[in-house]
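So the structure is just underneath, and the comments pick up after that.
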Amino acid sequence: MVTARRVADLVADRPALESAIRTTLDAEEPFTFDDLAIDSGAFGEIVGAGIVEEVDDGYRVADREAVEAGLAGNVEQETESSQEWSLPRPDRRVAGALAGALALVALFRIAFAVGPVFQEGAVVLSANDPYYYRYWVEQLLATPDLTLSTLPGSVAQGEPLYVATMWLLASLVGGGAGATGQILAWYPVVSAVLSGLLVYLLTKRVTDDTRVALAAVVFLAVLPGHAMRTSLGFADHHAFDYPWLGVTALSLVTLVVNDVRSRATALGVVGLALGVGGQVLAWSAGPLLIVPIGIIAAGLAVVWVRAGKSPLVSGAPILAGLLGGAALVWLGHTTFDWHTTVVATAPALLVAGTAVVFGVTEVVARVRPDPRLAGGAVIASGVASLVGAVVLFPEGWETLRTRASSSLFRSDRIAETAGLFSDAQGWLLLLGFALFLALPALVWATVQTTTEDRWLVPVGYGWAFLLLAMIQVRFVGELATFVAIFAGVAFVALVERVDAVRPPVPDVRDSIALPTRQQAGAIVAVFLLIGGLGVLQVPIKTNQLTTPPERYATADWIAEQAAQPEWDDQPEYVFSQWSYNRAYNYFVSGDSLSYGYARSNFEPFLTSNDSQAWYDRLSGRAGFIVFPTDYTEEPSPESIGARLGAYGSQTDGGDGLAHYRAVYESPSDRYRVYTLVPGATLTGTAGANETVAMSVSITGEGFETTYERTIETNGAGEYSVTVPYAGTYTVGETTVQVSENAIEAGETVQA
């Protein structure tokens, strides 16, 4: 909404615009640009300032009285509160562009996952870990007397706010397994759209440029590392963290750019408290996500000393917001028993550290306002605080150190624990060329922080999450938020160089001008050059998480078998690769709590040569074994894996399997299911010390093949061999019928 004050301020800053504004007042409405004797740059600035607005058949002056009053200098004193709470008329072009950008965010999260997620009337979540949360939400829904304060320990000390929120939402929409599946499937997409909106608001608040803010949202849409983690069906906890991070960063910028006595500051304090509280209560590693706030606060204190501001006065709203967040976390800990004491006290330690920094720099500002001295004081106070924490709270420090070394600095085969640059091309596939574009902008913004304190928020978060992502790629989603912002900054600067957009004008950036066809082509070309790799990688990365139809069909077939009456007294546990184990067991038995047994044992099982020992170990525990026929490890010929690949037949160096029976094979032979059976023992005679060939045709769901072995007779010509399949066996020149009952009962059959 244009005001007399805004018009007067604009003319004061840009006197050359006064004649152009008067030209619009004299024009007959509605008018077009061609009707006015002014240049396009001036017209764009007038439109951007809201003085002129677009209508169906051209343009008109938005508020003629306000414009005339501003030109005449008749500006009434507007109270701060009225300015803060008055809602400007939204620019239709900006609103439409933002809606389109957010729709693009949603499209890239839905389009490549909708088929694999909704299969045959079932909600098939992506990857493995989401089934852990699905299990707990369904358990909570099925246990009416369970409350927020009686959550199981693994939930209460893991992701309590996330699980509780999904539980509440599922309860509100029906509370059944179907409702839970729908909520968990769609929540990442909602999170992505909210994150996109927060990225827009944050970028707009920092840069004061609508074009940069819109560009940031578009880049967020096509960053593979963010898109895959917020894709439809990927109901891991990470997507739940991103909106809290956005709220926290936006609130910090609000507190930096607004006067401490403004109502906007009050909202910023509330937002910061909610953001900090939400991040920590949502995830046991949430304290890592608030560490950048301490770095940002230290930088702000030094910049404020340089600018002659009081760090304590300017930083009081930040301290208030952090204190509110610490109180929320402590309330959740003491009321609901959420998180350990170490995690629950982390926000309070951040409050204390930030207060020390502001207090020390306040002394510097009063005694000798030198930013270099303030920086030294910040470093010294940080070291002193760290030493004090180690000395005064040794047990807590040791706990933090141990957790960091065991969870953050660990190396195993879980993909998300690898570093961003551990793979020569990993970072490129997760962030595309947008990282190339963002890093120079991040360096430029870092320099800007010495004079413009608002840049400290995205800069502090950007460097912090780049470091964390370099340690573990699981933080690439948080990093992507700020890569998008700096990519947007650099992108607009780049397209300005090729004259695809008009240069920015301070304080006149609330609107956007439609580009010409040539300009639009240049914008699209530059974007595809930089963001094209991300556009290509989003479906690839998303499909790496989704459940292929064959895998779901395999799980569904196992579930049908486990539901048969004859299976009532047998175990339902599915023994498989750990990375899919929860998914299999959810659909078969609903028990997707842990993949620990599969992770510890499945690979040793495949590589072992002792099939009898593993049969003894698995018998009574595992009902089904899912063998991946594309098993990547090169199995030795005598290994169990090699023999499972041959349907249990004998291999070079490996005897045939006696207790592992193939029962199912997916259409492309990618997944093969085995069950454990006692097996029937064939006995008979032939020539002494003779090798006898044995074979039987076998048929299962989706396959037909032959089970083959050779038998060595002893000196008396006797042999004995245990087999897992029923059928008519050919043993040398003899045939013998082995019944299903003999296989299941472990009977001996005389050939």
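Residue numbering restarts at 1 for every chain of the structure tokens, chains are lettered A, B, ... in their displayed order, and ligands are numbered from 1 as they appear.
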Selection: 12 Å around Ala377 of chain A, only C-alpha atoms, excl. self and same-chain fewer than 6 positions, as an MDAnalysis selection string: chainID A and resid 298:299 301:302 305 356:365 368:371 383:385
Got a sec to tell me which of segment 381-571 of chain A DSSP assigns to alpha helix (DSSP H), as a count of residues only? 124
Which is closer to Gln612 of chain A than all the others in A:Leu107, A:Ala239, A:Ile640, A:Val270, using only C-alpha atoms? A:Ile640
Counting only C-alpha atoms, the option among A:Val190, A:Ala215, A:Leu250, A:Ala493 closest to Gly100 of chain A: A:Ala215
From the options A:Val253, A:Val303, A:Ala179, A:Ala553, which residue's atoms come nearest to Leu373 of chain A, counting only C-alpha atoms? A:Val303
Determine, counting only C-alpha atoms, which protein, DNA and RNA residues have an atom within 6 Å of an atom of segment 654-662 of chain A; residues of the same chain fewer than 6 positions away are not included. Present the result as a PDB file with N, CA and C atoms, in the first residue's frame.
ATOM      1  N   GLU A 638      31.500 -71.156  -2.558  1.00  0.00           N
ATOM      2  CA  GLU A 638      30.989 -72.003  -1.495  1.00  0.00           C
ATOM      3  C   GLU A 638      30.133 -71.246  -0.485  1.00  0.00           C
ATOM      4  N   GLY A 648      19.731 -72.924  -4.242  1.00  0.00           N
ATOM      5  CA  GLY A 648      20.158 -73.942  -3.289  1.00  0.00           C
ATOM      6  C   GLY A 648      20.923 -75.082  -3.901  1.00  0.00           C
ATOM      7  N   VAL A 673      12.520 -65.195  -2.469  1.00  0.00           N
ATOM      8  CA  VAL A 673      12.157 -65.482  -1.085  1.00  0.00           C
ATOM      9  C   VAL A 673      12.425 -66.950  -0.781  1.00  0.00           C
ATOM     10  N   TYR A 674      13.047 -67.189   0.371  1.00  0.00           N
ATOM     11  CA  TYR A 674      13.298 -68.550   0.856  1.00  0.00           C
ATOM     12  C   TYR A 674      12.602 -68.725   2.199  1.00  0.00           C
ATOM     13  N   THR A 675      12.200 -69.950   2.477  1.00  0.00           N
ATOM     14  CA  THR A 675      11.751 -70.328   3.815  1.00  0.00           C
ATOM     15  C   THR A 675      12.682 -71.415   4.339  1.00  0.00           C
ATOM     16  N   LEU A 676      12.683 -71.570   5.636  1.00  0.00           N
ATOM     17  CA  LEU A 676      13.516 -72.585   6.284  1.00  0.00           C
ATOM     18  C   LEU A 676      12.695 -73.836   6.543  1.00  0.00           C
ATOM     19  N   VAL A 677      13.225 -74.986   6.177  1.00  0.00           N
ATOM     20  CA  VAL A 677      12.516 -76.257   6.376  1.00  0.00           C
ATOM     21  C   VAL A 677      13.490 -77.281   6.958  1.00  0.00           C
ATOM     22  N   PRO A 678      12.954 -78.249   7.743  1.00  0.00           N
ATOM     23  CA  PRO A 678      13.836 -79.312   8.253  1.00  0.00           C
ATOM     24  C   PRO A 678      14.455 -80.124   7.122  1.00  0.00           C
ATOM     25  N   GLY A 679      13.682 -80.350   6.055  1.00  0.00           N
ATOM     26  CA  GLY A 679      14.179 -81.106   4.920  1.00  0.00           C
ATOM     27  C   GLY A 679      14.050 -82.606   5.126  1.00  0.00           C
ATOM     28  N   ARG A 709      22.331 -81.630  -7.226  1.00  0.00           N
ATOM     29  CA  ARG A 709      23.430 -81.907  -6.303  1.00  0.00           C
ATOM     30  C   ARG A 709      24.146 -83.184  -6.752  1.00  0.00           C
ATOM     31  N   THR A 722      20.260 -84.565   2.721  1.00  0.00           N
ATOM     32  CA  THR A 722      19.036 -83.845   3.110  1.00  0.00           C
ATOM     33  C   THR A 722      18.694 -82.826   2.041  1.00  0.00           C
ATOM     34  N   VAL A 723      17.418 -82.772   1.647  1.00  0.00           N
ATOM     35  CA  VAL A 723      16.973 -81.899   0.561  1.00  0.00           C
ATOM     36  C   VAL A 723      15.789 -81.054   1.039  1.00  0.00           C
ATOM     37  N   PRO A 724      15.631 -79.831   0.484  1.00  0.00           N
ATOM     38  CA  PRO A 724      14.560 -78.938   0.959  1.00  0.00           C
ATOM     39  C   PRO A 724      13.299 -78.935   0.105  1.00  0.00           C
TER      40      PRO A 724
END
Which residues, written as number ranges by chain, have at least one atom at most 7 Å from Val61 of chain A, with only C-alpha atoms counted and residues fewer than 4 positions away on the same chain left out? A: 25, 51-53
Write out as a ChimeraX atom specification all residues of segment 42-200 of chain A that backbone DSSP assigns to strand (DSSP E or B). /A:52-55,58-61,118-119,122-123
Selection above as a file: N, CA, C and O atoms, as an mmCIF file, in the first residue's frame:
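Written output follows (out.cif):
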data_model
loop_
_atom_site.group_PDB
_atom_site.id
_atom_site.type_symbol
_atom_site.label_atom_id
_atom_site.label_comp_id
_atom_site.auth_asym_id
_atom_site.auth_seq_id
_atom_site.Cartn_x
_atom_site.Cartn_y
_atom_site.Cartn_z
ATOM 1 N N VAL A 52 2.119 3.031 -8.923
ATOM 2 C CA VAL A 52 1.279 2.620 -10.044
ATOM 3 C C VAL A 52 1.055 1.125 -9.920
ATOM 4 O O VAL A 52 1.980 0.376 -9.606
ATOM 5 N N GLU A 53 -0.165 0.694 -10.155
ATOM 6 C CA GLU A 53 -0.469 -0.728 -10.073
ATOM 7 C C GLU A 53 -1.127 -1.194 -11.358
ATOM 8 O O GLU A 53 -1.752 -0.419 -12.075
ATOM 9 N N GLU A 54 -0.955 -2.468 -11.634
ATOM 10 C CA GLU A 54 -1.490 -3.046 -12.857
ATOM 11 C C GLU A 54 -2.955 -3.401 -12.671
ATOM 12 O O GLU A 54 -3.354 -3.913 -11.621
ATOM 13 N N VAL A 55 -3.761 -3.111 -13.686
ATOM 14 C CA VAL A 55 -5.164 -3.512 -13.723
ATOM 15 C C VAL A 55 -5.368 -4.346 -14.988
ATOM 16 O O VAL A 55 -4.431 -4.602 -15.733
ATOM 17 N N GLY A 58 -4.364 -2.354 -18.280
ATOM 18 C CA GLY A 58 -3.259 -1.398 -18.243
ATOM 19 C C GLY A 58 -2.799 -1.121 -16.832
ATOM 20 O O GLY A 58 -2.676 -2.035 -16.010
ATOM 21 N N TYR A 59 -2.569 0.158 -16.549
ATOM 22 C CA TYR A 59 -2.101 0.577 -15.228
ATOM 23 C C TYR A 59 -2.938 1.758 -14.754
ATOM 24 O O TYR A 59 -3.584 2.467 -15.535
ATOM 25 N N ARG A 60 -2.903 1.972 -13.425
ATOM 26 C CA ARG A 60 -3.528 3.163 -12.853
ATOM 27 C C ARG A 60 -2.749 3.549 -11.608
ATOM 28 O O ARG A 60 -1.999 2.743 -11.043
ATOM 29 N N VAL A 61 -2.947 4.795 -11.175
ATOM 30 C CA VAL A 61 -2.311 5.254 -9.938
ATOM 31 C C VAL A 61 -3.009 4.568 -8.773
ATOM 32 O O VAL A 61 -4.239 4.578 -8.680
ATOM 33 N N PHE A 118 1.887 -44.779 -3.713
ATOM 34 C CA PHE A 118 0.518 -45.288 -3.684
ATOM 35 C C PHE A 118 0.414 -46.480 -4.630
ATOM 36 O O PHE A 118 0.210 -46.325 -5.832
ATOM 37 N N GLN A 119 0.600 -47.676 -4.079
ATOM 38 C CA GLN A 119 0.598 -48.899 -4.868
ATOM 39 C C GLN A 119 -0.532 -49.821 -4.417
ATOM 40 O O GLN A 119 -0.624 -50.168 -3.242
ATOM 41 N N ALA A 122 -2.352 -49.299 -1.240
ATOM 42 C CA ALA A 122 -1.552 -49.197 -0.016
ATOM 43 C C ALA A 122 -0.660 -47.964 -0.082
ATOM 44 O O ALA A 122 -0.278 -47.513 -1.162
ATOM 45 N N VAL A 123 -0.327 -47.430 1.088
ATOM 46 C CA VAL A 123 0.635 -46.339 1.182
ATOM 47 C C VAL A 123 1.993 -46.967 1.481
ATOM 48 O O VAL A 123 2.217 -47.511 2.551
#
Can you pull out the residues contacting Leu232 of chain A? Cut-off 8 Å, using only C-alpha atoms, and skip same-chain residues under 4 positions away; I want them as number ranges by chain. A: 109-110, 113-114, 117, 185-189
Suppose we keep N, CA and C atoms; can you now write the selection as a compact mmCIF listing (two decimals), in the first residue's frame?
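Result saved to part.txt:
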# COMPACT_ATOMS: atom_id res chain seq x y z
N ARG A 109 8.46 -32.54 -5.47
CA ARG A 109 8.39 -33.51 -4.36
C ARG A 109 7.36 -34.60 -4.61
N ILE A 110 6.40 -34.33 -5.47
CA ILE A 110 5.29 -35.27 -5.68
C ILE A 110 5.45 -36.09 -6.95
N ALA A 113 7.38 -39.45 -7.09
CA ALA A 113 7.18 -40.42 -6.01
C ALA A 113 5.75 -40.92 -5.91
N VAL A 114 4.82 -40.27 -6.57
CA VAL A 114 3.41 -40.60 -6.34
C VAL A 114 3.09 -42.04 -6.73
N VAL A 117 4.65 -44.55 -4.14
CA VAL A 117 4.10 -44.39 -2.78
C VAL A 117 2.69 -44.96 -2.68
N ALA A 185 2.89 -39.80 4.63
CA ALA A 185 3.28 -39.66 3.23
C ALA A 185 3.28 -38.20 2.79
N TRP A 186 2.29 -37.43 3.24
CA TRP A 186 2.14 -36.07 2.74
C TRP A 186 2.86 -35.01 3.57
N TYR A 187 3.21 -35.34 4.81
CA TYR A 187 3.82 -34.30 5.64
C TYR A 187 5.13 -33.75 5.06
N PRO A 188 6.00 -34.57 4.41
CA PRO A 188 7.23 -33.98 3.86
C PRO A 188 6.96 -32.93 2.79
N VAL A 189 5.91 -33.13 1.99
CA VAL A 189 5.58 -32.17 0.95
C VAL A 189 5.11 -30.86 1.58
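For the pair atom CA of Asp630 of chain A and atom CA of Tyr671 of chain A, the interatomic distance is 8.4 Å.
Taking atom CA of Phe527 of chain A and atom CA of Lys204 of chain A as the two end points, the separation is 19.8 Å.
Closest to Leu644 of chain A among A:Phe605, A:Gly70, A:Thr681, A:Thr399 is A:Phe605, based on only C-alpha atoms.
Of the listed residues (A:Asp34, A:Asp569, A:Asp63, A:Glu159), A:Asp63 comes nearest to Ala4 of chain A; the distances count only C-alpha atoms.
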